[in-house]
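Asks: One file: data.csv (CSV, C-alpha atoms).
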chain,number,residue,atom,x,y,z
Y,315,MET,CA,96.7,132.4,120.2
Y,316,ILE,CA,100.0,131.4,121.8
Y,317,SER,CA,100.8,134.8,123.2
Y,318,GLY,CA,98.7,134.6,126.2
Y,319,GLY,CA,98.3,132.9,129.6
Y,320,ILE,CA,97.7,129.1,129.8
Y,321,GLN,CA,94.7,127.7,131.5
Y,322,TRP,CA,95.4,124.3,133.0
Y,323,LYS,CA,93.0,121.6,133.8
Y,324,ARG,CA,92.9,121.4,137.6
Y,325,VAL,CA,92.7,118.2,139.5
Y,326,LEU,CA,89.6,117.9,141.7
Y,327,VAL,CA,90.1,116.5,145.2
Y,328,SER,CA,87.9,116.1,148.2
Y,329,GLY,CA,87.0,119.3,150.2
Y,330,SER,CA,88.5,117.8,153.4
Y,331,PHE,CA,91.8,117.2,151.7
Y,332,LEU,CA,91.9,120.7,150.3
Y,333,LEU,CA,91.2,122.1,153.7
Y,334,ALA,CA,94.0,120.1,155.2
Y,335,VAL,CA,96.4,121.3,152.5
Y,336,GLY,CA,95.3,124.9,153.0
Y,337,VAL,CA,95.8,124.7,156.8
Y,338,PHE,CA,99.3,123.2,156.3
Y,339,VAL,CA,100.3,125.9,153.7
Y,340,SER,CA,99.0,128.6,155.9
Y,341,ALA,CA,100.9,127.4,158.9
Y,342,CYS,CA,104.1,126.9,157.0
Y,343,GLY,CA,103.9,130.1,155.0
Y,344,LYS,CA,103.8,132.6,157.9
Y,345,ARG,CA,107.1,134.5,158.3
Y,346,THR,CA,108.0,137.6,160.3
Y,347,VAL,CA,108.8,140.5,158.0
Y,348,ALA,CA,111.8,142.4,159.3
Y,349,PRO,CA,110.9,146.1,159.4
Y,350,LEU,CA,112.8,148.4,157.0
Y,351,GLY,CA,114.9,151.2,158.3
Y,352,PRO,CA,113.9,154.8,157.7
Y,353,ASP,CA,116.3,155.2,154.7
Y,354,GLU,CA,115.3,151.9,153.2
Y,355,ARG,CA,111.6,152.7,153.5
Y,356,ALA,CA,112.1,156.1,152.0
Y,357,GLU,CA,113.9,154.6,149.0
Y,358,ARG,CA,111.3,151.9,148.6
Y,359,ASP,CA,108.5,154.4,148.8
Y,360,ALA,CA,110.1,156.7,146.2
Y,361,LEU,CA,110.4,153.7,143.7
Y,362,VAL,CA,106.8,152.7,144.4
Y,363,GLU,CA,105.8,156.2,143.6
Y,364,ASP,CA,107.7,156.1,140.3
Y,365,ILE,CA,105.8,153.0,139.4
Y,366,ARG,CA,102.4,154.4,140.4
Y,367,ARG,CA,103.1,157.8,138.6
Y,368,ALA,CA,103.9,156.2,135.3
Y,369,ASP,CA,101.2,156.6,132.6
Y,370,THR,CA,100.1,153.1,131.6
Y,371,GLN,CA,97.4,154.1,129.0
Y,372,GLU,CA,99.8,154.3,126.1
Y,373,LEU,CA,100.8,150.7,126.5
Y,374,VAL,CA,97.1,149.6,126.9
Y,375,LYS,CA,96.0,151.6,123.9
Y,376,ALA,CA,98.8,150.3,121.7
Y,377,PHE,CA,97.7,146.7,122.0
Y,378,ASP,CA,94.0,147.5,121.8
Y,379,LEU,CA,94.9,149.1,118.5
Y,380,LEU,CA,95.8,145.8,116.9
Y,381,SER,CA,92.1,144.8,116.5
Y,382,ARG,CA,91.6,147.9,114.4
Y,383,SER,CA,94.8,147.8,112.3
Y,384,GLU,CA,96.6,146.1,109.5
Y,385,TYR,CA,100.1,144.9,110.4
Y,386,THR,CA,102.8,142.3,109.8
Y,387,ARG,CA,103.5,139.8,112.5
Y,388,TYR,CA,106.5,137.5,112.8
Y,389,ILE,CA,105.8,134.6,115.2
Y,390,ARG,CA,108.1,131.8,116.4
Y,391,THR,CA,107.1,129.1,118.9
Y,392,GLU,CA,109.4,126.5,120.3
Y,393,GLN,CA,109.0,123.5,122.7
Y,394,TYR,CA,111.8,122.1,124.8
Y,395,ASP,CA,112.0,118.8,126.7
Y,396,GLU,CA,113.0,118.4,130.4
Y,397,GLU,CA,116.7,118.6,129.4
Y,398,ASP,CA,116.1,121.8,127.4
Y,399,PHE,CA,116.6,120.2,124.0
Y,400,LEU,CA,114.5,121.8,121.2
Y,401,ILE,CA,111.9,119.2,120.1
Y,402,ALA,CA,109.7,121.3,117.9
Y,403,TYR,CA,109.3,124.7,116.4
Y,404,THR,CA,107.1,126.6,114.1
Y,405,GLU,CA,107.5,130.1,112.7
Y,406,HIS,CA,105.8,132.3,110.1
Y,407,ILE,CA,105.4,135.8,108.8
Y,408,ALA,CA,101.8,136.8,108.4
Y,409,GLU,CA,100.2,139.9,106.9
Y,410,VAL,CA,96.9,141.0,108.5
Y,411,ARG,CA,94.9,143.0,106.1
Y,412,ILE,CA,91.4,144.4,105.7
Y,413,VAL,CA,89.8,143.1,102.4
Y,414,ASP,CA,86.3,144.1,101.5
Y,415,GLY,CA,85.6,145.1,105.1
Y,416,GLU,CA,86.9,141.7,106.5
Y,417,ARG,CA,90.1,140.9,108.3
Y,418,ARG,CA,92.2,138.4,106.5
Y,419,VAL,CA,95.6,136.8,107.1
Y,420,PHE,CA,98.1,136.1,104.3
Y,421,VAL,CA,101.0,133.9,105.2
Y,422,GLU,CA,104.1,135.2,103.5
Y,423,GLN,CA,106.6,132.6,104.9
Y,424,ALA,CA,106.3,129.5,107.1
Y,425,ASP,CA,108.6,126.9,108.5
Y,426,SER,CA,108.4,124.1,111.1
Y,427,ALA,CA,110.1,121.0,112.4
Y,428,GLY,CA,109.5,118.3,115.0
Y,429,ALA,CA,106.2,117.5,116.6
Y,430,PHE,CA,104.7,119.4,119.5
Y,431,ASP,CA,103.7,117.3,122.5
Y,432,TYR,CA,101.1,119.6,123.9
Y,433,GLY,CA,100.1,117.9,127.1
Y,434,PHE,CA,99.3,120.7,129.5
Y,435,PHE,CA,100.1,123.1,126.7
Y,436,ARG,CA,96.8,122.4,124.9
Y,437,ARG,CA,96.2,126.2,124.8
Y,438,PHE,CA,99.1,126.5,122.4
Y,439,GLN,CA,97.3,124.4,119.8
Y,440,SER,CA,95.1,127.4,119.0
Y,441,GLU,CA,98.1,129.2,117.6
Y,442,ASN,CA,97.5,129.2,113.8
Y,443,VAL,CA,97.4,131.7,111.0
Y,444,ALA,CA,93.7,131.5,110.7
Y,445,THR,CA,93.4,133.5,114.0
Y,446,THR,CA,93.9,137.1,113.2
Y,447,ASP,CA,94.3,138.6,116.6
Y,448,PRO,CA,96.9,137.6,119.2
Y,449,VAL,CA,95.9,137.3,122.8
Y,450,ASN,CA,96.5,140.6,124.5
Y,451,LEU,CA,99.3,140.1,127.1
Y,452,VAL,CA,98.8,143.5,128.8
Y,453,PRO,CA,96.4,142.2,131.5
Y,454,PHE,CA,99.0,139.5,132.4
Y,455,VAL,CA,101.8,142.0,132.8
Y,456,LEU,CA,99.8,144.9,134.1
Y,457,PRO,CA,97.0,143.8,136.4
Y,458,GLU,CA,94.7,146.4,137.9
Y,459,GLU,CA,96.1,145.8,141.4
Y,460,PRO,CA,99.6,144.4,141.3
Y,461,VAL,CA,100.2,142.2,144.4
Y,462,TYR,CA,103.6,143.9,145.0
Y,463,LEU,CA,101.9,147.3,145.3
Y,464,ASP,CA,99.4,146.1,147.9
Y,465,ALA,CA,100.2,147.6,151.2
Y,466,ARG,CA,99.8,144.2,152.9
Y,467,ASN,CA,102.5,142.7,150.7
Y,468,MET,CA,104.8,145.5,149.9
Y,469,ASP,CA,107.4,144.6,152.6
Y,470,ARG,CA,107.6,141.1,151.2
Y,471,TYR,CA,109.2,142.5,148.0
Y,472,ALA,CA,112.5,144.2,147.5
Y,473,PHE,CA,112.4,147.2,145.2
Y,474,ARG,CA,115.4,148.6,143.4
Y,475,GLU,CA,116.3,150.8,140.5
Y,476,LEU,CA,118.3,149.1,137.8
Y,477,PRO,CA,120.5,151.0,135.2
Y,478,ASP,CA,118.6,152.9,132.6
Y,479,THR,CA,118.1,151.2,129.2
Y,480,LEU,CA,117.3,152.4,125.7
Y,481,LEU,CA,114.1,151.2,124.0
Y,482,TRP,CA,114.4,152.5,120.5
Y,483,ASP,CA,115.2,156.2,121.1
Y,484,ARG,CA,113.6,156.4,124.5
Y,485,GLN,CA,115.7,156.4,127.7
Y,486,ALA,CA,113.8,154.2,130.2
Y,487,GLN,CA,114.1,154.1,133.9
Y,488,VAL,CA,113.9,150.5,135.1
Y,489,VAL,CA,112.3,149.7,138.5
Y,490,GLU,CA,112.2,146.1,139.7
Y,491,ALA,CA,110.0,144.5,142.4
Y,492,ARG,CA,111.4,141.1,143.4
Y,493,ALA,CA,109.9,138.6,145.9
Y,494,ARG,CA,112.0,138.4,149.0
Y,495,PRO,CA,113.2,134.9,149.9
Y,496,ASP,CA,111.0,133.2,152.5
Y,497,LEU,CA,108.9,136.3,153.0
Y,498,ALA,CA,106.8,136.1,149.8
Y,499,ASP,CA,105.9,132.4,149.9
Y,500,GLY,CA,102.5,132.0,148.3
Y,501,LEU,CA,102.6,135.2,146.3
Y,502,ASN,CA,102.5,134.3,142.6
Y,503,VAL,CA,104.5,137.3,141.2
Y,504,ARG,CA,108.1,136.6,141.8
Y,505,ARG,CA,109.6,139.5,139.8
Y,506,ALA,CA,108.3,142.5,137.9
Y,507,ARG,CA,110.2,145.2,135.9
Y,508,HIS,CA,108.6,148.5,134.9
Y,509,PHE,CA,110.3,150.4,132.0
Y,510,VAL,CA,109.3,154.1,132.2
Y,511,ASP,CA,110.2,156.7,129.6
Y,512,ARG,CA,112.3,159.3,131.4
Y,513,GLY,CA,111.0,162.2,129.2
Y,514,THR,CA,107.3,161.5,129.3
Y,515,GLN,CA,106.9,159.3,132.4
Y,516,THR,CA,105.1,156.7,130.2
Y,517,LEU,CA,105.3,153.0,130.7
Y,518,VAL,CA,106.9,151.7,127.5
Y,519,ALA,CA,107.6,148.0,128.5
Y,520,MET,CA,106.8,145.5,131.2
Y,521,TYR,CA,108.3,142.2,132.3
Y,522,ILE,CA,106.9,139.8,134.8
Y,523,GLU,CA,107.7,136.4,136.2
Y,524,ARG,CA,105.1,134.2,137.9
Y,525,VAL,CA,105.0,130.9,139.7
Y,526,ASP,CA,101.7,129.1,140.0
Y,527,LEU,CA,101.3,125.9,142.0
Y,528,ALA,CA,98.7,123.1,141.8
Y,529,LEU,CA,98.6,119.8,143.5
Y,530,LEU,CA,100.2,117.9,140.6
Y,531,PHE,CA,102.2,120.5,138.7
Y,532,ARG,CA,104.1,123.7,139.0
Y,533,GLU,CA,104.0,126.4,136.3
Y,534,GLU,CA,106.7,129.0,135.9
Y,535,SER,CA,106.0,131.6,133.4
Y,536,SER,CA,107.3,135.0,132.1
Y,537,PHE,CA,105.8,137.7,130.0
Y,538,TYR,CA,107.3,140.7,128.3
Y,539,VAL,CA,105.7,143.4,126.1
Y,540,ASP,CA,107.0,146.7,124.7
Y,541,ILE,CA,105.8,149.4,122.4
Y,542,THR,CA,107.3,152.0,120.0
Y,543,LEU,CA,106.1,155.3,118.7
Y,544,ARG,CA,104.2,155.4,115.4
Y,545,PRO,CA,106.1,157.1,112.5
Y,546,ASP,CA,103.5,159.9,112.4
Y,547,GLY,CA,103.9,160.5,116.1
Y,548,GLN,CA,100.2,159.8,116.8
Y,549,GLY,CA,100.6,157.4,119.8
Y,550,ALA,CA,102.3,154.1,120.1
Y,551,VAL,CA,102.0,150.6,118.5
Y,552,PRO,CA,103.1,147.2,119.8
Y,553,ASN,CA,106.7,146.2,119.0
Y,554,ASN,CA,107.6,142.9,120.7
Y,555,THR,CA,105.9,140.3,123.0
Y,556,ARG,CA,107.5,137.3,124.6
Y,557,PHE,CA,105.8,134.5,126.6
Y,558,GLU,CA,107.5,131.5,128.1
Y,559,SER,CA,106.1,128.8,130.4
Y,560,ARG,CA,107.6,125.7,132.0
Y,561,ILE,CA,105.5,123.0,133.6
Y,562,ARG,CA,106.9,120.5,136.1
Y,563,THR,CA,104.9,117.4,136.9
Y,564,PRO,CA,105.7,114.2,138.8
Y,565,PHE,CA,104.6,112.1,135.9
Y,566,ARG,CA,106.0,113.7,132.8
Y,567,GLY,CA,109.0,115.8,133.9
Y,568,ALA,CA,109.4,119.4,132.8
Y,569,TYR,CA,108.3,120.9,129.5
Y,570,ARG,CA,108.9,124.4,128.3
Y,571,VAL,CA,107.2,126.4,125.5
Y,572,ARG,CA,108.3,129.8,124.3
Y,573,THR,CA,106.8,132.1,121.8
Y,574,VAL,CA,108.0,135.4,120.4
Y,575,SER,CA,106.1,137.9,118.3
Y,576,THR,CA,107.3,141.1,116.5
Y,577,TYR,CA,104.9,143.6,115.0
Y,578,THR,CA,105.8,145.9,112.1
Y,579,ASP,CA,104.0,148.2,109.7
Y,580,VAL,CA,101.0,148.7,112.1
Y,581,ARG,CA,98.5,150.9,110.4
Y,582,PRO,CA,95.1,151.7,112.0
Y,583,VAL,CA,92.3,151.5,109.6
Y,584,GLN,CA,89.3,152.2,111.8
How does the structure come out when it is put into structure tokens?
Replies:
Amino acid sequence: MISGGIQWKRVLVSGSFLLAVGVFVSACGKRTVAPLGPDERAERDALVEDIRRADTQELVKAFDLLSRSEYTRYIRTEQYDEEDFLIAYTEHIAEVRIVDGERRVFVEQADSAGAFDYGFFRRFQSENVATTDPVNLVPFVLPEEPVYLDARNMDRYAFRELPDTLLWDRQAQVVEARARPDLADGLNVRRARHFVDRGTQTLVAMYIERVDLALLFREESSFYVDITLRPDGQGAVPNNTRFESRIRTPFRGAYRVRTVSTYTDVRPVQ
């Protein structure tokens, strides 16, 4: 499905060339990290503790629930050229239902225009209404060991608390980890935001930006997921997901693909 990470075809080069590139990057990427003052470190450590203390299981379980549920899903996918002009889109509303013990998809509305030029976005071609389950974005936004919480990298990120926000009727604390200029070279995660319910200390949304480099292209991607409480109060269900990726190449310029999904009427059946 579209809502997932993109796996790109890597270009194979000789081992000696890779070694030379690795040595060059290693030599250029070393920077001296200025130590934080006592007050700055205390503030940073408090925010890191807020992130670590947040309960992530509700978010994980909500998206796992989709494989055992009926639901309505709105999906829109767009592709833009290097000048950010929309060149193609497709959108539809699909009903996922269990019929005679089998999962089936019923397309209620569909619309499209333009022609997708997949190129490196070949993974996006799998997005179609015959596939009932979207790719789970949670592993992309919530890895088991976030690089910015690794003690070896923590000083290479700036942590700050942003103004609270409302997600449905939940007041959420927003904690951001952002790569520090020059100090976080080579670290893929450039920004991460944790949205934590003030009342329950539950993680209710995540946003992450990544940059991945290869020899012949650069991928810039962002992911967002959030959840909402079920009407019966028995746990949470997915609400929105967003995924966007921009590829820059020396041969084809930049291309950008974005997909948004909204889930409603999620009803567990198993």
Asks: Could you jot down the CA of Glu372 (chain Y) to CA of Trp482 (chain Y) separation for me, Å, one decimal place?
Replies: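 About the pair CA of Glu372 (chain Y) and CA of Trp482 (chain Y): they are 15.7 Å apart.
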Asks: Excluding Thr404 (chain Y) and its own-chain neighbours fewer than 2 positions away, which residues fall within 7 Å of it when counting all atoms listed in the file? Please give them as a PyMOL selection string.
Replies: chain Y and resi 390-392+425-427
Asks: Write the residues you've just listed into a file as a short mmCIF file (atom, residue, chain, number, x, y, z; two decimals), in the frame of the given file, and include C-alpha atoms for each of them.
Replies:
data_model
loop_
_atom_site.label_atom_id
_atom_site.label_comp_id
_atom_site.auth_asym_id
_atom_site.auth_seq_id
_atom_site.Cartn_x
_atom_site.Cartn_y
_atom_site.Cartn_z
CA ARG Y 390 108.10 131.80 116.40
CA THR Y 391 107.10 129.10 118.90
CA GLU Y 392 109.40 126.50 120.30
CA ASP Y 425 108.60 126.90 108.50
CA SER Y 426 108.40 124.10 111.10
CA ALA Y 427 110.10 121.00 112.40
#
Asks: To one decimal place in Å, what is the distance between CA of Thr516 (chain Y) and CA of Asp359 (chain Y)?
Replies: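 Separating CA of Thr516 (chain Y) from CA of Asp359 (chain Y) is a distance of 19.0 Å.
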Asks: Can you work out the spacing between CA of Glu396 (chain Y) and CA of Val571 (chain Y) in Å, to one decimal?
Replies: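 Value for the CA of Glu396 (chain Y)-CA of Val571 (chain Y) distance: 11.0 Å.
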Asks: Looking at Y:Gln371, Y:Gln423, Y:Thr514, Y:Ser559, which one is nearest to Thr386 (chain Y), with distances taken over only C-alpha atoms?
Replies: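 Closest to Thr386 (chain Y), using only C-alpha atoms: Y:Gln423.
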Asks: Taking all atoms listed in the file into account, name the residue in Y:Ala498, Y:Asp369, Y:Val419, Y:Glu354 that is nearest to Ala519 (chain Y).
Replies: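 Counting all atoms listed in the file, the residue closest to Ala519 (chain Y) is Y:Asp369.
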Asks: Would you pick out the contacts of Leu380 (chain Y) at 12 Å or less, using all atoms listed in the file, so that residues sharing its chain but fewer than 5 positions from it are not included, and give the list as number ranges by chain?
Replies: Y: 373-375, 385-387, 410-411, 417, 446-450, 541, 550-553, 577-584
Asks: Excluding Tyr394 (chain Y) and its own-chain neighbours fewer than 3 positions away, which residues fall within 7 Å of it when counting all atoms listed in the file? Please give them as a list in words.
Replies: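 Near Tyr394 (chain Y), the qualifying residues are Asp398, Phe399, Leu400, Ile401, Tyr569, Arg570 and Val571 of chain Y.
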Asks: Identify, on the basis of only C-alpha atoms, every residue whose closest approach to Glu422 (chain Y) does not exceed 12 Å; exclude the query and any residue fewer than 4 positions from it along the same chain; express the result as JSON, numbers by chain.
Replies: {"Y": [386, 387, 388, 389, 405, 406, 407, 408, 409, 410, 443]}
Asks: Name the closest residue to Asp499 (chain Y) among the candidates Y:Val452, Y:Ala486, Y:Leu481, Y:Val525; distances are taken between atoms, counting only C-alpha atoms.
Replies: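 Smallest separation from Asp499 (chain Y) among the options: Y:Val525.
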Asks: Write region 498-511 of chain Y as a PDB file, in the coordinates of the input, completed to N, CA, C and O atoms.
Replies:
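Done, and the output landed in out05.pdb:
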ATOM      1  N   ALA Y 498     107.914 135.992 150.785  1.00  0.00           N
ATOM      2  CA  ALA Y 498     106.800 136.100 149.800  1.00  0.00           C
ATOM      3  C   ALA Y 498     106.293 134.773 149.364  1.00  0.00           C
ATOM      4  O   ALA Y 498     105.728 134.648 148.287  1.00  0.00           O
ATOM      5  N   ASP Y 499     106.444 133.755 150.224  1.00  0.00           N
ATOM      6  CA  ASP Y 499     105.900 132.400 149.900  1.00  0.00           C
ATOM      7  C   ASP Y 499     104.379 132.566 149.685  1.00  0.00           C
ATOM      8  O   ASP Y 499     103.673 133.212 150.463  1.00  0.00           O
ATOM      9  N   GLY Y 500     103.899 131.933 148.619  1.00  0.00           N
ATOM     10  CA  GLY Y 500     102.500 132.000 148.300  1.00  0.00           C
ATOM     11  C   GLY Y 500     102.053 133.109 147.432  1.00  0.00           C
ATOM     12  O   GLY Y 500     100.912 133.130 146.952  1.00  0.00           O
ATOM     13  N   LEU Y 501     102.937 134.078 147.178  1.00  0.00           N
ATOM     14  CA  LEU Y 501     102.600 135.200 146.300  1.00  0.00           C
ATOM     15  C   LEU Y 501     103.112 134.804 144.872  1.00  0.00           C
ATOM     16  O   LEU Y 501     104.290 134.491 144.689  1.00  0.00           O
ATOM     17  N   ASN Y 502     102.224 134.829 143.894  1.00  0.00           N
ATOM     18  CA  ASN Y 502     102.500 134.300 142.600  1.00  0.00           C
ATOM     19  C   ASN Y 502     103.581 135.128 141.817  1.00  0.00           C
ATOM     20  O   ASN Y 502     104.420 134.579 141.101  1.00  0.00           O
ATOM     21  N   VAL Y 503     103.521 136.432 141.929  1.00  0.00           N
ATOM     22  CA  VAL Y 503     104.500 137.300 141.200  1.00  0.00           C
ATOM     23  C   VAL Y 503     105.809 137.235 141.889  1.00  0.00           C
ATOM     24  O   VAL Y 503     105.941 137.631 143.052  1.00  0.00           O
ATOM     25  N   ARG Y 504     106.816 136.763 141.169  1.00  0.00           N
ATOM     26  CA  ARG Y 504     108.100 136.600 141.800  1.00  0.00           C
ATOM     27  C   ARG Y 504     109.052 137.810 141.378  1.00  0.00           C
ATOM     28  O   ARG Y 504     109.983 138.154 142.108  1.00  0.00           O
ATOM     29  N   ARG Y 505     108.802 138.394 140.233  1.00  0.00           N
ATOM     30  CA  ARG Y 505     109.600 139.500 139.800  1.00  0.00           C
ATOM     31  C   ARG Y 505     108.813 140.346 138.780  1.00  0.00           C
ATOM     32  O   ARG Y 505     108.103 139.789 137.943  1.00  0.00           O
ATOM     33  N   ALA Y 506     108.929 141.658 138.867  1.00  0.00           N
ATOM     34  CA  ALA Y 506     108.300 142.500 137.900  1.00  0.00           C
ATOM     35  C   ALA Y 506     109.221 143.705 137.610  1.00  0.00           C
ATOM     36  O   ALA Y 506     109.837 144.254 138.534  1.00  0.00           O
ATOM     37  N   ARG Y 507     109.334 144.053 136.339  1.00  0.00           N
ATOM     38  CA  ARG Y 507     110.200 145.200 135.900  1.00  0.00           C
ATOM     39  C   ARG Y 507     109.323 146.176 135.138  1.00  0.00           C
ATOM     40  O   ARG Y 507     108.698 145.783 134.145  1.00  0.00           O
ATOM     41  N   HIS Y 508     109.347 147.428 135.559  1.00  0.00           N
ATOM     42  CA  HIS Y 508     108.600 148.500 134.900  1.00  0.00           C
ATOM     43  C   HIS Y 508     109.677 149.351 134.134  1.00  0.00           C
ATOM     44  O   HIS Y 508     110.649 149.810 134.735  1.00  0.00           O
ATOM     45  N   PHE Y 509     109.445 149.578 132.851  1.00  0.00           N
ATOM     46  CA  PHE Y 509     110.300 150.400 132.000  1.00  0.00           C
ATOM     47  C   PHE Y 509     109.586 151.705 131.729  1.00  0.00           C
ATOM     48  O   PHE Y 509     108.597 151.697 130.991  1.00  0.00           O
ATOM     49  N   VAL Y 510     110.065 152.802 132.294  1.00  0.00           N
ATOM     50  CA  VAL Y 510     109.300 154.100 132.200  1.00  0.00           C
ATOM     51  C   VAL Y 510     110.164 155.102 131.465  1.00  0.00           C
ATOM     52  O   VAL Y 510     111.329 155.365 131.810  1.00  0.00           O
ATOM     53  N   ASP Y 511     109.572 155.674 130.428  1.00  0.00           N
ATOM     54  CA  ASP Y 511     110.200 156.700 129.600  1.00  0.00           C
ATOM     55  C   ASP Y 511     110.582 157.891 130.527  1.00  0.00           C
ATOM     56  O   ASP Y 511     109.708 158.486 131.171  1.00  0.00           O
TER      57      ASP Y 511
END
